[in-house]
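Report on the following structure.
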Amino acid sequence: MLRRVLPLLFLSCCHAPAAVPAPEPAVLVASIERELLENCAERLETRCPTPAPVRIAFAEKGIPGGYLGLTRRIGNHILIELDMSHAYQVELDTLIHEWAHAVVLDVKQRESHDAVWGVAFSWCYQAVHGPAPIEPIVPPSCGKN
């Protein structure tokens with residue numbers, strides 16, 4: 001991220017201020033947080049496969065209903081929506097939580113936060129915060145029924 005931001009800051013210092021304005025500090029922090037979350041999503045994609053490709057929508061003004069995140073299948077992909085109006089750690093924890101839902105999305109006859117989801121969540125958490133596994137983590141009971 002710094003490679004993209006530094007030239008912009010450098011230009012705003014060296015050229016006429018009207019040419020390229022420096023980003024607001026809050027915007028800069030938000031863009032760095034978003035890039036960190038995208039990097040974590042790439043790590044999850046590699047280590048915790050989902051039954052369909054995942055797209056992430058960053059909701060800057062929250063999600064209707066007050067949810068921190070939502071996961072659902074839309075067509076041939078899975079959409080994860082993240083509420084970006086919270087602290088970074090909350091957003092990261094929500095991404096891991098929602099990715100676990102994506103991993104077990106196609107498992108039939110189960111509750112939203114049951115033991116199957118709990119195992120998927122622990123694997124997703126380990127994928128982000130733990131050492132790199134030798135191969136992708138695939139929950140044995142998460143195949144399609």
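Within each chain, counting starts at residue 1; across the structure tokens, chains are named A, B, ... in the order shown, with ligands numbered 1 upward in that order.
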* Skipping near chain neighbours, those fewer than 2 positions away, what residues fall within 7 Å of Trp117 (chain A) using only C-alpha atoms, listed as an MDAnalysis selection string? -> chainID A and resid 100:101 104 113:115 119:121
* Any idea what's packed within 10 Å of Ile63 (chain A), counting only C-alpha atoms, ignoring anything in its chain fewer than 5 positions away? Could you give it as a list in words? ->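 Close residues of Ile63 (chain A): Phe58, Leu68, Gly69, Leu70, Glu81, Leu82, Asp83, Met84 and Ser85 of chain A.
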Selection above as a file: C-alpha atoms, as a PDB file, in the first residue's frame:
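Listed below is the output, out_2.pdb:
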ATOM      1  CA  PHE A  58     -16.838  -3.408   1.865  1.00  0.00           C
ATOM      2  CA  LEU A  68     -21.104  -6.752  11.220  1.00  0.00           C
ATOM      3  CA  GLY A  69     -21.047  -9.086   8.232  1.00  0.00           C
ATOM      4  CA  LEU A  70     -23.247 -11.213   5.984  1.00  0.00           C
ATOM      5  CA  GLU A  81     -20.347  -8.115   3.066  1.00  0.00           C
ATOM      6  CA  LEU A  82     -18.243  -6.451   5.768  1.00  0.00           C
ATOM      7  CA  ASP A  83     -19.263  -3.418   7.816  1.00  0.00           C
ATOM      8  CA  MET A  84     -16.225  -1.132   7.589  1.00  0.00           C
ATOM      9  CA  SER A  85     -17.389   1.336  10.243  1.00  0.00           C
TER      10      SER A  85
END
* To do: Could you please write out, as a list in words, every residue of region 13-118 of chain A that DSSP assigns to strand (DSSP E)?
  => Val54, Arg55, Ile56, Ala57, Phe58, Ala59, Gly69, Leu70, Thr71, Arg72, Arg73, Ile74, His77, Ile78, Leu79, Ile80, Glu81, Leu82 and Asp83 of chain A
Writing out the chosen residues with N, CA and C atoms as a short mmCIF file (atom, residue, chain, number, x, y, z; two decimals), in the first residue's frame:
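Written file, result_16.cif:
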data_model
loop_
_atom_site.label_atom_id
_atom_site.label_comp_id
_atom_site.auth_asym_id
_atom_site.auth_seq_id
_atom_site.Cartn_x
_atom_site.Cartn_y
_atom_site.Cartn_z
N VAL A 54 -15.38 -16.40 -3.93
CA VAL A 54 -15.87 -15.41 -2.97
C VAL A 54 -15.60 -14.01 -3.49
N ARG A 55 -16.60 -13.15 -3.35
CA ARG A 55 -16.44 -11.72 -3.60
C ARG A 55 -16.71 -11.01 -2.28
N ILE A 56 -15.95 -9.96 -2.01
CA ILE A 56 -16.12 -9.22 -0.77
C ILE A 56 -16.59 -7.81 -1.08
N ALA A 57 -17.65 -7.40 -0.40
CA ALA A 57 -18.16 -6.03 -0.53
C ALA A 57 -17.87 -5.32 0.79
N PHE A 58 -17.18 -4.20 0.70
CA PHE A 58 -16.84 -3.41 1.86
C PHE A 58 -17.90 -2.32 2.04
N ALA A 59 -18.75 -2.49 3.04
CA ALA A 59 -19.84 -1.55 3.29
C ALA A 59 -19.34 -0.43 4.19
N GLY A 69 -21.34 -8.44 9.50
CA GLY A 69 -21.05 -9.09 8.23
C GLY A 69 -22.18 -10.00 7.82
N LEU A 70 -22.25 -10.29 6.54
CA LEU A 70 -23.25 -11.21 5.98
C LEU A 70 -22.59 -12.06 4.91
N THR A 71 -22.99 -13.31 4.83
CA THR A 71 -22.50 -14.20 3.78
C THR A 71 -23.69 -14.87 3.12
N ARG A 72 -23.70 -14.85 1.78
CA ARG A 72 -24.77 -15.53 1.06
C ARG A 72 -24.30 -15.88 -0.35
N ARG A 73 -24.96 -16.87 -0.90
CA ARG A 73 -24.66 -17.26 -2.28
C ARG A 73 -25.49 -16.39 -3.21
N ILE A 74 -24.82 -15.85 -4.23
CA ILE A 74 -25.50 -15.08 -5.26
C ILE A 74 -25.02 -15.64 -6.60
N HIS A 77 -21.36 -17.40 -7.24
CA HIS A 77 -20.32 -16.99 -6.29
C HIS A 77 -20.92 -16.76 -4.90
N ILE A 78 -20.05 -16.57 -3.94
CA ILE A 78 -20.44 -16.28 -2.57
C ILE A 78 -20.09 -14.82 -2.29
N LEU A 79 -21.04 -14.07 -1.75
CA LEU A 79 -20.80 -12.67 -1.42
C LEU A 79 -20.64 -12.54 0.09
N ILE A 80 -19.54 -11.94 0.52
CA ILE A 80 -19.32 -11.59 1.92
C ILE A 80 -19.37 -10.07 2.00
N GLU A 81 -20.28 -9.56 2.83
CA GLU A 81 -20.35 -8.11 3.07
C GLU A 81 -19.75 -7.84 4.44
N LEU A 82 -18.87 -6.83 4.51
CA LEU A 82 -18.24 -6.45 5.77
C LEU A 82 -18.58 -5.00 6.10
N ASP A 83 -19.01 -4.78 7.33
CA ASP A 83 -19.26 -3.42 7.82
C ASP A 83 -17.91 -2.80 8.15
#
* Asked: CA of Ala127 (chain A) and CA of Asn39 (chain A), how far apart in Å?
  ->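 So the answer is 12.0 Å.
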